[in-house]
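Student: Below is the structure I would like to discuss, written out as structure tokens.
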Amino acid sequence: MDAWDVAQAKVQEYELEIEILDEDYRRIKNQLEEERMSYEEMLQSVMLISLTWRNEMAVTEQNYRDIADRVYAIEDGKEAHTIIKNDTFKSGGNQYKVLAAEDNTSNGMQAMAVAPVKESLLSAL
């Protein structure tokens with residue numbers, strides 16, 4: 001076998017390796033494309049859910065005022081109403097649930113954590 005035959009054999013060997021690598025590349029590229037499409041579909045679903053939630057459960061400035069009025073209802077001149085955990089109330093058409101309420105008379109702190117709820121989610125909170 002002369003040098004030319006050796007070179008031709010090496011070229012054929014490299015061409016075969018290139019074919020194998022090319023097949024691997026195409027297979028991996030297709031897998032990645034399928035995964036990308038799957039992630040894009042998931043992202044679109046999450047964005048749609050987020051947008052729907054945001055639109056349906058938007059808290060307006062008036063809602064904030066109503067909630068603040070409920071938190072500070074014990075101040076002079078305001079209607080006395082004790083707020084407790086799990087109370088629900090409506091403001092501007094949205095329903096809210098009290099997740100926590102605190103009226104610390106020793107330091108004057110009054111706080112309330114509320115969350116907008118939908119009827120279908122109310123039992124989960």
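Each chain in the structure tokens gets a letter, A, B, ..., in the order shown, and its residues are numbered from 1; ligands are numbered from 1 in order too.
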So that I can check the surroundings of A:Asp66, please list as a PyMOL selection string every protein, DNA and RNA residue that reaches within 12 Å of it, counting only C-alpha atoms and ignoring chain neighbours fewer than 5 positions away.

Tutor: chain A and resi 59-61+71-73+89-96+114

Student: Residues of the last selection are to be written out with C-alpha atoms, as a compact mmCIF listing (two decimals), in the first residue's frame.

Tutor:
# COMPACT_ATOMS: atom_id res chain seq x y z
CA VAL A 59 -56.20 45.49 42.63
CA THR A 60 -57.22 49.08 41.99
CA GLU A 61 -56.39 52.18 43.98
CA VAL A 71 -57.06 47.61 58.59
CA TYR A 72 -57.29 50.94 60.40
CA ALA A 73 -61.00 50.64 61.27
CA PHE A 89 -64.98 40.89 51.97
CA LYS A 90 -65.69 42.52 48.64
CA SER A 91 -64.19 45.67 47.20
CA GLY A 92 -64.87 46.93 43.70
CA GLY A 93 -66.37 43.62 42.61
CA ASN A 94 -63.35 41.60 43.74
CA GLN A 95 -63.48 39.28 46.71
CA TYR A 96 -60.62 39.28 49.21
CA VAL A 114 -55.14 39.94 52.18

Student: Between atom CA of A:Glu102 and atom CA of A:Thr88, what is the distance in Å, rounded to a tenth?

Tutor: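 Computed distance, atom CA of A:Glu102 to atom CA of A:Thr88, equals 15.7 Å.
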
Student: Provide the atom CA of A:Asp103 to atom CA of A:Lys85 distance in Å, to one decimal place.

Tutor: 11.9 Å

Student: In terms of the shortest atom-to-atom distance over only C-alpha atoms, which of A:Asp5, A:Arg70, A:Glu35, A:Asp22 is closest to A:Asp87?

Tutor: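 For A:Asp87, the nearest of the given residues is A:Arg70.
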
Student: To one decimal place, how far is atom CA of A:Glu15 from atom CA of A:Arg27 in Å?

Tutor: 18.3 Å
